[in-house]
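Trainee: I'm passing along start-v8.cif; it holds mmCIF, C-alpha atoms.
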```cif
data_target
#
loop_
_atom_site.label_atom_id
_atom_site.label_comp_id
_atom_site.auth_asym_id
_atom_site.auth_seq_id
_atom_site.Cartn_x
_atom_site.Cartn_y
_atom_site.Cartn_z
CA MET A 248 -89.81 142.44 -77.70
CA LEU A 249 -89.53 140.87 -81.14
CA SER A 250 -86.38 139.01 -80.23
CA GLU A 251 -88.17 137.79 -77.13
CA ILE A 252 -91.00 136.36 -79.25
CA LEU A 253 -88.50 134.76 -81.62
CA ARG A 254 -86.68 133.18 -78.70
CA HIS A 255 -89.89 131.61 -77.41
CA ALA A 256 -90.86 130.41 -80.90
CA ALA A 257 -87.44 128.82 -81.37
CA ARG A 258 -87.75 127.15 -77.98
CA LEU A 259 -91.14 125.74 -78.94
CA VAL A 260 -89.84 124.30 -82.20
CA LEU A 261 -86.71 122.82 -80.62
CA LEU A 262 -88.58 121.29 -77.68
CA VAL A 263 -91.30 119.77 -79.86
CA LEU A 264 -88.72 118.34 -82.25
CA ALA A 265 -86.63 116.98 -79.38
CA GLN A 266 -89.77 115.44 -77.91
CA GLY A 267 -91.13 113.99 -81.14
CA LEU A 268 -87.94 112.79 -82.77
CA ILE A 269 -85.67 111.90 -79.86
CA LEU A 270 -87.36 111.51 -76.47
CA LYS A 271 -90.34 109.63 -77.88
CA ASN A 272 -88.06 106.94 -79.23
CA ALA A 273 -85.53 106.97 -76.42
CA GLU A 274 -87.72 104.31 -74.77
CA ILE A 275 -85.88 103.99 -71.49
CA GLY A 276 -88.35 101.64 -69.87
CA PRO A 277 -92.04 100.81 -69.54
CA TYR A 278 -92.57 103.33 -66.77
CA ILE A 279 -90.41 106.15 -68.03
CA ASN A 280 -91.87 108.42 -70.71
CA PRO A 281 -90.49 111.91 -70.08
CA PHE A 282 -92.25 114.91 -71.60
CA LEU A 283 -89.71 117.68 -71.69
CA TYR A 284 -91.80 119.81 -74.06
CA ILE A 285 -93.88 121.30 -71.25
CA LEU A 286 -90.78 123.36 -70.43
CA PHE A 287 -92.08 125.69 -73.16
CA ILE A 288 -95.34 126.32 -71.31
CA MET A 289 -93.46 126.64 -68.02
CA GLN A 290 -91.10 129.27 -69.39
CA LEU A 291 -93.65 131.67 -70.85
CA PRO A 292 -93.03 135.07 -69.24
CA PHE A 293 -94.94 136.07 -66.13
CA GLU A 294 -96.57 138.92 -68.04
CA THR A 295 -98.09 136.61 -70.70
CA PRO A 296 -101.82 137.40 -70.81
CA PRO A 297 -103.75 134.32 -69.60
CA TRP A 298 -105.64 133.93 -72.88
CA LEU A 299 -102.40 133.95 -74.87
CA GLY A 300 -100.82 131.39 -72.55
CA LEU A 301 -103.88 129.20 -72.96
CA LEU A 302 -103.81 129.44 -76.75
CA LEU A 303 -100.07 128.72 -76.85
CA ALA A 304 -100.51 125.70 -74.59
CA PHE A 305 -103.30 124.42 -76.82
CA PHE A 306 -101.11 124.87 -79.87
CA THR A 307 -98.18 123.10 -78.21
CA GLY A 308 -100.43 120.14 -77.48
CA LEU A 309 -101.55 120.00 -81.10
CA LEU A 310 -97.96 119.93 -82.32
CA VAL A 311 -96.98 117.15 -79.94
CA ASP A 312 -100.08 115.15 -80.87
CA LEU A 313 -98.91 115.25 -84.48
CA PHE A 314 -95.80 113.36 -83.50
CA TYR A 315 -97.44 111.00 -81.04
CA GLN A 316 -100.32 110.06 -83.37
CA THR A 317 -102.70 110.68 -80.52
CA PRO A 318 -105.21 113.28 -81.73
CA GLY A 319 -106.46 115.20 -78.73
CA VAL A 320 -104.52 113.60 -75.87
CA HIS A 321 -101.72 116.12 -75.48
CA THR A 322 -103.99 118.94 -76.61
CA THR A 323 -106.42 118.20 -73.79
CA VAL A 324 -103.67 117.97 -71.20
CA CYS A 325 -101.77 121.06 -72.36
CA THR A 326 -104.90 123.19 -72.50
CA PHE A 327 -105.66 122.13 -68.94
CA ILE A 328 -102.12 123.00 -67.83
CA GLY A 329 -102.36 126.33 -69.65
CA TYR A 330 -105.55 127.01 -67.75
CA LEU A 331 -104.01 126.16 -64.38
CA ARG A 332 -100.71 128.02 -64.88
CA PRO A 333 -101.86 131.56 -64.02
CA GLY A 334 -103.38 130.21 -60.79
CA ILE A 335 -100.24 128.30 -59.89
CA LEU A 336 -98.10 131.38 -60.55
CA ARG A 337 -100.42 133.47 -58.39
CA LEU A 338 -100.16 130.97 -55.54
CA MET A 339 -96.38 130.90 -55.77
CA SER A 340 -95.82 134.61 -56.20
CA PRO A 341 -93.54 136.38 -53.71
CA ARG A 342 -95.27 138.78 -51.31
CA GLU A 343 -94.56 141.83 -53.40
CA GLY A 344 -95.41 140.12 -56.71
CA TYR A 345 -93.08 139.20 -59.54
CA GLU A 346 -90.55 141.82 -60.41
CA PHE A 347 -90.96 143.24 -63.89
CA GLY A 348 -88.68 141.65 -66.47
CA PHE A 349 -88.16 138.52 -64.40
CA GLN A 350 -88.68 135.14 -66.00
CA PRO A 351 -89.79 131.83 -64.51
CA THR A 352 -86.31 130.34 -64.74
CA MET A 353 -83.85 129.16 -62.16
CA GLN A 354 -81.47 132.07 -62.68
CA TYR A 355 -84.13 134.66 -61.90
CA MET A 356 -86.24 132.95 -59.29
CA GLY A 357 -83.73 130.79 -57.46
CA ARG A 358 -83.35 127.07 -57.15
CA SER A 359 -86.02 126.19 -54.62
CA TRP A 360 -88.72 128.31 -56.23
CA PHE A 361 -87.98 126.90 -59.65
CA ILE A 362 -87.85 123.28 -58.55
CA SER A 363 -91.19 123.47 -56.77
CA TYR A 364 -92.78 125.32 -59.68
CA ALA A 365 -91.43 122.77 -62.17
CA ALA A 366 -92.45 119.84 -60.00
CA ILE A 367 -96.03 121.08 -59.65
CA MET A 368 -96.43 121.68 -63.37
CA ILE A 369 -94.80 118.40 -64.36
CA VAL A 370 -96.68 116.20 -61.92
CA LEU A 371 -100.03 117.75 -62.87
CA HIS A 372 -99.27 117.31 -66.54
CA HIS A 373 -98.09 113.69 -66.22
CA LEU A 374 -100.89 112.73 -63.84
CA PHE A 375 -103.56 113.96 -66.21
CA LEU A 376 -101.78 112.63 -69.29
CA PHE A 377 -101.18 109.06 -68.17
CA PHE A 378 -104.64 108.59 -66.73
CA LEU A 379 -106.22 110.07 -69.84
CA GLU A 380 -104.20 107.64 -71.89
CA VAL A 381 -105.54 104.62 -70.04
CA LEU A 382 -108.96 106.22 -69.53
CA SER A 383 -109.81 104.09 -66.51
CA PHE A 384 -108.61 103.41 -62.99
CA HIS A 385 -108.26 99.79 -63.93
CA GLU A 386 -104.47 99.84 -63.94
CA PHE A 387 -104.33 102.42 -61.16
CA PHE A 388 -101.04 101.52 -59.50
CA SER A 389 -99.04 100.83 -62.63
CA THR A 390 -100.26 104.15 -64.05
CA LEU A 391 -99.36 105.93 -60.83
CA LEU A 392 -95.89 104.41 -60.92
CA ARG A 393 -95.62 105.65 -64.50
CA VAL A 394 -96.58 109.16 -63.36
CA ILE A 395 -94.04 109.21 -60.54
CA ALA A 396 -91.13 107.73 -62.49
CA SER A 397 -91.74 109.82 -65.60
CA SER A 398 -92.21 113.03 -63.62
CA GLY A 399 -88.90 112.42 -61.90
CA VAL A 400 -87.09 111.96 -65.19
CA THR A 401 -88.79 114.98 -66.78
CA LEU A 402 -87.84 117.15 -63.80
CA LEU A 403 -84.26 115.96 -64.10
CA LEU A 404 -84.22 116.82 -67.80
CA VAL A 405 -85.74 120.23 -67.12
CA LEU A 406 -83.04 120.97 -64.55
CA VAL A 407 -80.30 119.80 -66.92
CA VAL A 408 -81.65 122.10 -69.64
CA GLN A 409 -81.78 124.97 -67.18
CA LEU A 410 -78.20 124.44 -66.07
CA LEU A 411 -76.95 124.02 -69.64
CA PHE A 412 -78.70 126.86 -71.39
CA TYR A 413 -79.26 129.50 -68.79
CA ARG A 414 -76.00 130.51 -67.28
CA ARG A 415 -76.24 132.50 -64.10
CA LYS A 416 -76.09 136.17 -64.97
CA GLU A 417 -72.64 137.52 -64.15
CA ALA A 418 -72.76 140.45 -61.77
CA ALA A 419 -71.89 143.32 -64.09
CA MET B 29 -127.83 142.14 -72.52
CA ARG B 30 -125.31 144.24 -70.69
CA ASN B 31 -125.14 141.73 -67.89
CA LEU B 32 -124.44 139.00 -70.40
CA LEU B 33 -121.57 141.01 -71.84
CA VAL B 34 -120.20 141.65 -68.38
CA PHE B 35 -120.42 137.94 -67.68
CA PHE B 36 -118.47 137.11 -70.83
CA VAL B 37 -115.83 139.72 -70.11
CA ARG B 38 -115.41 138.62 -66.52
CA HIS B 39 -115.20 134.92 -67.26
CA TYR B 40 -113.57 135.09 -70.68
CA PHE B 41 -110.60 133.02 -69.51
CA PHE B 42 -112.72 130.16 -68.26
CA LEU B 43 -114.94 130.28 -71.35
CA LEU B 44 -111.93 130.23 -73.65
CA PHE B 45 -110.59 127.28 -71.70
CA LEU B 46 -113.92 125.47 -72.07
CA ALA B 47 -114.00 126.11 -75.82
CA LEU B 48 -110.44 124.89 -76.43
CA GLU B 49 -110.81 121.94 -74.10
CA SER B 50 -114.04 120.80 -75.76
CA PHE B 51 -112.35 121.00 -79.12
CA ALA B 52 -109.52 118.81 -77.80
CA VAL B 53 -111.90 116.32 -76.21
CA ILE B 54 -113.92 116.03 -79.41
CA MET B 55 -110.71 115.23 -81.23
CA LEU B 56 -109.86 112.68 -78.57
CA VAL B 57 -113.24 110.97 -78.71
CA GLN B 58 -113.40 110.89 -82.48
CA ASN B 59 -110.05 109.19 -82.51
CA ASN B 60 -111.71 106.14 -81.01
CA TYR B 61 -113.37 105.61 -84.32
CA PHE B 62 -109.88 105.64 -85.70
CA HIS B 63 -110.70 105.53 -89.37
CA ARG B 64 -112.44 108.85 -89.21
CA ALA B 65 -109.73 110.94 -87.63
CA GLY B 66 -107.82 111.38 -90.84
CA PHE B 67 -106.98 115.02 -90.38
CA MET B 68 -104.18 114.62 -87.93
CA ASN B 69 -101.67 111.89 -87.84
CA SER B 70 -98.08 111.06 -88.42
CA SER B 71 -98.96 109.77 -91.84
CA ASN B 72 -99.42 113.47 -92.21
CA ALA B 73 -96.92 114.29 -94.91
CA VAL B 74 -94.69 116.75 -93.05
CA VAL B 75 -94.19 114.68 -89.92
CA GLY B 76 -93.75 111.59 -92.06
CA GLU B 77 -90.96 113.25 -94.00
CA MET B 78 -89.28 114.34 -90.77
CA LEU B 79 -89.48 110.86 -89.29
CA GLU B 80 -87.98 109.42 -92.43
CA ALA B 81 -85.16 111.97 -92.39
CA ARG B 82 -84.35 110.92 -88.83
CA ASP B 83 -84.50 107.29 -89.87
CA GLU B 84 -81.95 107.99 -92.61
CA VAL B 85 -79.46 108.75 -89.85
CA THR B 86 -80.42 106.25 -87.19
CA GLN B 87 -80.69 103.24 -89.48
CA TYR B 88 -76.89 102.98 -89.61
CA PHE B 89 -76.80 102.18 -85.92
CA HIS B 90 -78.45 98.81 -86.33
CA LEU B 91 -77.11 97.46 -89.61
CA LYS B 92 -75.94 94.25 -87.98
CA GLU B 93 -79.34 93.48 -86.46
CA ASP B 94 -80.98 94.37 -89.76
CA ASN B 95 -78.83 91.89 -91.63
CA GLU B 96 -79.68 89.15 -89.19
CA GLN B 97 -83.32 90.00 -89.43
CA LEU B 98 -83.23 90.07 -93.22
CA SER B 99 -81.65 86.66 -93.47
CA LYS B 100 -84.21 85.31 -91.04
CA GLN B 101 -86.83 86.97 -93.17
CA ASN B 102 -85.56 85.16 -96.24
CA ALA B 103 -85.79 81.85 -94.48
CA PHE B 104 -89.26 82.75 -93.32
CA LEU B 105 -90.38 83.66 -96.82
CA LEU B 106 -89.01 80.48 -98.33
CA SER B 107 -90.80 78.40 -95.79
CA ARG B 108 -94.03 80.25 -96.33
CA GLN B 109 -94.24 80.23 -100.09
CA ALA B 110 -96.65 77.35 -100.37
CA SER B 111 -98.89 78.34 -97.51
CA SER B 112 -99.87 81.71 -98.93
CA PHE B 113 -101.67 79.88 -101.71
CA ALA B 114 -105.09 78.37 -101.27
CA LYS B 115 -105.99 75.22 -103.14
CA PHE B 116 -109.11 75.39 -105.25
CA THR B 117 -110.54 71.97 -105.99
CA GLY B 118 -113.93 70.54 -106.82
CA THR B 119 -114.30 72.00 -110.26
CA SER B 120 -114.79 69.56 -113.05
CA ILE B 121 -112.06 70.87 -115.24
CA GLN B 122 -108.78 71.83 -113.71
CA VAL B 123 -106.36 73.77 -115.79
CA LYS B 124 -102.97 73.42 -114.27
CA ASP B 125 -102.50 77.15 -113.72
CA THR B 126 -105.71 77.68 -111.83
CA ILE B 127 -105.37 74.98 -109.21
CA TYR B 128 -103.66 77.49 -107.01
CA LYS B 129 -104.91 80.99 -106.80
CA GLN B 130 -103.05 83.56 -104.84
CA GLN B 131 -104.91 84.60 -101.75
CA PHE B 132 -102.46 86.85 -99.96
CA GLU B 133 -99.94 89.28 -101.24
CA TYR B 134 -97.09 90.66 -99.14
CA MET B 135 -95.52 94.05 -99.53
CA GLU B 136 -92.32 94.85 -97.68
CA ALA B 137 -92.19 98.12 -95.76
CA GLY B 138 -89.64 99.91 -93.61
CA VAL B 139 -90.50 100.99 -90.09
CA VAL B 140 -89.81 104.72 -89.82
CA ASP B 141 -91.29 105.15 -86.36
CA ASN B 142 -92.12 102.75 -83.57
CA THR B 143 -92.67 102.72 -79.81
CA VAL B 144 -93.08 99.89 -77.31
CA TYR B 145 -93.23 101.51 -73.89
CA ARG B 146 -96.40 103.55 -74.25
CA ARG B 147 -99.75 102.16 -73.19
CA ASN B 148 -100.93 102.47 -76.78
CA ASN B 149 -98.19 101.99 -79.33
CA TYR B 150 -98.19 102.81 -83.02
CA LEU B 151 -95.81 102.26 -85.92
CA THR B 152 -95.32 104.38 -89.00
CA LEU B 153 -94.32 102.61 -92.23
CA ASN B 154 -92.96 104.11 -95.43
CA ARG B 155 -95.68 102.69 -97.67
CA GLY B 156 -98.95 104.46 -98.46
CA SER B 157 -101.94 104.64 -100.74
CA LEU B 158 -99.75 105.19 -103.81
CA GLN B 159 -98.28 101.74 -103.13
CA GLY B 160 -101.71 100.22 -102.60
CA VAL B 161 -101.95 100.21 -98.80
CA LYS B 162 -105.47 100.43 -97.39
CA PRO B 163 -106.72 100.85 -93.82
CA GLY B 164 -107.44 97.52 -92.16
CA MET B 165 -104.66 95.54 -93.82
CA GLY B 166 -102.61 93.29 -91.56
CA VAL B 167 -98.94 93.84 -90.81
CA ILE B 168 -96.60 90.98 -89.97
CA GLY B 169 -92.93 90.91 -89.18
CA PRO B 170 -90.33 88.25 -89.83
CA GLU B 171 -91.09 86.71 -86.45
CA GLY B 172 -94.86 87.03 -86.29
CA VAL B 173 -97.87 89.29 -86.04
CA VAL B 174 -97.24 93.06 -85.74
CA GLY B 175 -100.52 94.96 -86.15
CA LYS B 176 -103.08 96.49 -88.41
CA VAL B 177 -102.99 99.51 -90.74
CA LEU B 178 -104.97 102.43 -89.33
CA GLN B 179 -104.52 105.36 -91.62
CA VAL B 180 -102.91 105.93 -94.95
CA SER B 181 -101.44 108.98 -96.63
CA ASP B 182 -99.78 109.07 -100.05
CA ASN B 183 -96.49 107.55 -98.96
CA PHE B 184 -96.90 106.57 -95.32
CA CYS B 185 -99.24 104.56 -93.20
CA THR B 186 -99.73 104.27 -89.45
CA VAL B 187 -100.17 100.90 -87.82
CA MET B 188 -101.87 100.05 -84.55
CA SER B 189 -99.28 97.82 -82.94
CA LEU B 190 -100.39 94.66 -81.17
CA LEU B 191 -99.08 96.58 -78.14
CA HIS B 192 -102.27 98.66 -77.94
CA LYS B 193 -105.20 98.66 -75.58
CA GLU B 194 -107.64 97.97 -78.39
CA ALA B 195 -105.61 95.46 -80.41
CA LYS B 196 -106.78 91.86 -80.55
CA VAL B 197 -105.61 88.89 -82.60
CA SER B 198 -107.68 85.76 -82.92
CA SER B 199 -105.18 82.94 -82.26
CA ARG B 200 -105.23 79.18 -82.56
CA LEU B 201 -103.33 76.66 -80.43
CA LYS B 202 -100.96 74.56 -82.46
CA SER B 203 -101.69 71.41 -80.47
CA ASP B 204 -105.46 71.13 -80.86
CA GLY B 205 -106.72 74.07 -82.87
CA THR B 206 -108.93 75.76 -80.27
CA PHE B 207 -108.79 79.50 -80.43
CA GLY B 208 -109.20 82.69 -78.44
CA PRO B 209 -108.21 86.34 -78.65
CA VAL B 210 -104.73 87.53 -77.68
CA SER B 211 -104.48 91.09 -76.35
CA TRP B 212 -101.84 93.20 -74.61
CA ASP B 213 -102.87 93.64 -70.99
CA ASP B 214 -99.58 93.86 -69.17
CA ALA B 215 -98.40 97.23 -70.43
CA SER B 216 -95.11 96.97 -68.55
CA ASN B 217 -93.75 94.19 -70.75
CA TYR B 218 -93.64 94.47 -74.51
CA ARG B 219 -92.67 90.81 -74.91
CA SER B 220 -95.73 89.34 -73.26
CA ALA B 221 -99.49 89.31 -73.89
CA THR B 222 -102.61 87.54 -72.65
CA LEU B 223 -104.73 84.84 -74.27
CA ARG B 224 -108.33 84.84 -73.03
CA GLU B 225 -111.55 82.90 -73.40
CA LEU B 226 -109.87 79.67 -74.33
CA PRO B 227 -112.42 76.88 -73.69
CA THR B 228 -111.51 74.60 -70.81
CA HIS B 229 -111.55 71.49 -72.98
CA ALA B 230 -108.53 72.81 -74.88
CA LYS B 231 -105.38 70.78 -74.39
CA ILE B 232 -103.22 73.76 -73.61
CA LYS B 233 -99.72 73.18 -72.31
CA LYS B 234 -96.69 75.25 -71.52
CA GLY B 235 -94.55 75.91 -74.59
CA ASP B 236 -97.44 75.47 -77.00
CA THR B 237 -97.26 77.81 -79.99
CA LEU B 238 -100.09 80.15 -80.95
CA PHE B 239 -100.76 80.97 -84.58
CA THR B 240 -103.23 83.37 -86.15
CA SER B 241 -106.52 81.60 -86.74
CA GLY B 242 -107.27 83.17 -90.11
CA ILE B 243 -110.66 84.37 -88.84
CA GLY B 244 -111.28 87.88 -90.03
CA ASP B 245 -109.33 88.93 -93.06
CA THR B 246 -106.49 90.86 -91.49
CA TYR B 247 -103.93 88.08 -91.18
CA PRO B 248 -103.45 84.85 -93.09
CA ALA B 249 -103.81 81.73 -90.96
CA GLY B 250 -100.68 80.30 -89.43
CA ILE B 251 -98.65 83.40 -88.67
CA PRO B 252 -96.90 82.94 -85.29
CA VAL B 253 -98.28 85.04 -82.44
CA GLY B 254 -96.67 83.73 -79.28
CA ILE B 255 -95.65 80.87 -77.06
CA VAL B 256 -97.66 79.87 -73.99
CA GLU B 257 -95.72 80.75 -70.85
CA SER B 258 -98.26 79.88 -68.16
CA PHE B 259 -102.00 79.35 -67.92
CA GLY B 260 -104.82 78.88 -65.48
CA ILE B 261 -108.51 79.38 -64.79
CA LYS B 262 -109.32 82.46 -62.79
CA SER B 263 -111.83 81.82 -60.03
CA GLY B 264 -115.35 82.28 -61.37
CA ASP B 265 -114.23 81.98 -64.99
CA GLN B 266 -115.33 79.37 -67.48
CA TYR B 267 -112.21 79.88 -69.55
CA TYR B 268 -108.49 79.51 -69.51
CA THR B 269 -106.45 82.67 -69.34
CA ALA B 270 -102.86 82.25 -70.48
CA LYS B 271 -99.74 84.37 -70.41
CA VAL B 272 -98.11 84.37 -73.82
CA ASN B 273 -94.59 85.34 -74.84
CA LEU B 274 -94.93 87.22 -78.11
CA THR B 275 -92.73 85.93 -80.92
CA THR B 276 -92.23 89.39 -82.40
CA ASP B 277 -89.60 91.54 -80.74
CA PHE B 278 -91.34 94.86 -81.30
CA LYS B 279 -88.35 96.82 -80.15
CA ALA B 280 -86.13 95.42 -82.90
CA LEU B 281 -88.58 95.80 -85.80
CA GLN B 282 -87.02 97.43 -88.84
CA TYR B 283 -88.75 95.79 -91.78
CA VAL B 284 -92.25 94.36 -91.93
CA PHE B 285 -94.75 93.06 -94.47
CA ILE B 286 -98.12 94.54 -95.23
CA VAL B 287 -100.59 91.77 -96.01
CA LYS B 288 -103.10 92.24 -98.77
CA TYR B 289 -106.03 89.84 -98.81
CA LEU B 290 -106.94 89.55 -102.46
CA PHE B 291 -110.44 88.15 -101.96
CA LYS B 292 -111.47 90.82 -99.50
CA ASP B 293 -113.92 92.57 -101.81
CA GLU B 294 -115.48 89.31 -102.94
CA LYS B 295 -115.82 88.07 -99.39
CA ASP B 296 -117.21 91.37 -98.06
CA LYS B 297 -119.76 91.44 -100.86
CA LEU B 298 -120.91 87.91 -100.19
CA GLN B 299 -121.23 88.57 -96.46
CA GLN B 300 -123.18 91.75 -97.03
CA GLU B 301 -125.53 90.04 -99.46
CA THR B 302 -126.08 87.22 -97.02
CA LEU B 303 -127.02 89.67 -94.30
CA LYS B 304 -129.28 91.58 -96.62
CA ASN B 305 -131.08 88.44 -97.80
CA ALA B 306 -131.50 87.28 -94.24
CA GLU B 307 -133.11 90.59 -93.38
CA ASN B 308 -135.38 90.49 -96.40
CA ALA B 309 -136.52 87.01 -95.50
CA LYS B 310 -137.79 88.20 -92.15
#
```
Could the structure of this file be written out as structure tokens, please?
Mentor:
Amino acid sequence: MLSEILRHAARLVLLVLAQGLILKNAEIGPYINPFLYILFIMQLPFETPPWLGLLLAFFTGLLVDLFYQTPGVHTTVCTFIGYLRPGILRLMSPREGYEFGFQPTMQYMGRSWFISYAAIMIVLHHLFLFFLEVLSFHEFFSTLLRVIASSGVTLLLVLVVQLLFYRRKEAA
Amino acid sequence: MRNLLVFFVRHYFFLLFLALESFAVIMLVQNNYFHRAGFMNSSNAVVGEMLEARDEVTQYFHLKEDNEQLSKQNAFLLSRQASSFAKFTGTSIQVKDTIYKQQFEYMEAGVVDNTVYRRNNYLTLNRGSLQGVKPGMGVIGPEGVVGKVLQVSDNFCTVMSLLHKEAKVSSRLKSDGTFGPVSWDDASNYRSATLRELPTHAKIKKGDTLFTSGIGDTYPAGIPVGIVESFGIKSGDQYYTAKVNLTTDFKALQYVFIVKYLFKDEKDKLQQETLKNAENAK
């Protein structure tokens, strides 16, 4: 249990640092701003109590805002995502519910489940984030393009991280 | 009472969400009055230190560009020496040393953090209140205008880049001196901005250079802003709107100058007194 908590804490620190020190300044193009850090919120265990997930999401947003000098922006978006996550998980749950000890990763849940889960979370996050940033529908299509392009890149990064760090469990 | 408790227990998740979200939105809204939101920022000491540590490593990757920029900077400084002094005449006695009085002071600063592809971009510089930086000071680069200091901690300050939804620079045409505000409307291109509200009698032409007008006390007059790329009058408008290529390459910024306007206090005081007297006269 304790090692589990430590693993999640380490993931939070690493993802926020990677986001704030590397991805933020990678600056690939005007429409591509990937936000890999939401992988932390995505990977919280299924059994996380909703209130804890919400608080952790809020806290993640605060940390990212520190690096992006945008008080409130990421906090607002992350809190919203943290609020939606239990509902999304409920909608996507297999008929007999999630098996105990399973985690929302590709190795446990399979490729297609994970990709759709990740895509839903990422698109919601980016959609809300980029429109909040502009705070109007004035630049609607350029913002939408930003959402689509950035979501694609974030999803790609999430999949790369999954393939790199979570090796398929060998059949023992 | 019991029903109330039941209500809270049943909807605790939604209520918690509302509480956290309102907190976040308050933070977001207060940030619009940027000078007030001092409690959270990358001039925040810890993040500032981390950014600088990263910069220690990454600065080696662009030494060549830095050298080129520094030598350009030297040329720029040499050519600007005279123009940062204002001439004071009209007094009956002129002692040689007081003909010129320094009006602007420049402090060099390193860029430890910078973005160009966000809708609202900020820079972090490694100079802070201990070095005399104050919110509202202008920031210029070797090639032209960069932005305005937002917040200051002991050793760092954050700068609202010209590449920001709320940034505006009052600019003057080189050819005939008419002026209008330049802002960053096309968020997909960090090299180009828009000049608005230029009166139609202005003799604007393609390739004309825009300089800061010196109105307001953020920038000295005559700092390059951009070069006119194209212009026209939108239907229904009384003004020219022009597309401007910014002279500053924001992506390559490594060193900048923070501009200190030495008469700011005197000028502010005079303006406030004028307003006060005008109100008293009513």
Trainee: Please evaluate the PyMOL selection byres ((chain B) within 10 of (chain A)) against the displayed coordinates and give the resulting residues as number ranges by chain.
Mentor: B: 40-42, 44-46, 48-60, 62, 65-72, 74-76, 78-79, 82-83, 141-152, 186, 193, 213-218, 279
Trainee: Give me, please, the distance in Å between CA of Phe278 (chain B) and CA of Pro209 (chain B), quoted to one decimal.
Mentor: 19.1 Å
Trainee: Find the distance between CA of Leu391 (chain A) and CA of Ile367 (chain A) and write it in Å to one decimal.
Mentor: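 Atom-to-atom, CA of Leu391 (chain A) and CA of Ile367 (chain A) are spaced 15.6 Å apart.
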Trainee: Considering only C-alpha atoms, return as a ChimeraX atom specification whatever protein or nucleic-acid residues lie within 10 Å of Lys162 (chain B), sequence-local ones (same chain, fewer than 4 positions apart) excluded.
Mentor: /B:156-158,166,177-181,185,286,288
Trainee: Can you work out which one of A:Leu402, A:Met339, A:Val260, A:Leu249 has the shortest atom-to-atom distance to Met356 (chain A), counting only C-alpha atoms?
Mentor: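 Between A:Leu402, A:Met339, A:Val260, A:Leu249, the residue approaching Met356 (chain A) most closely is A:Met339.
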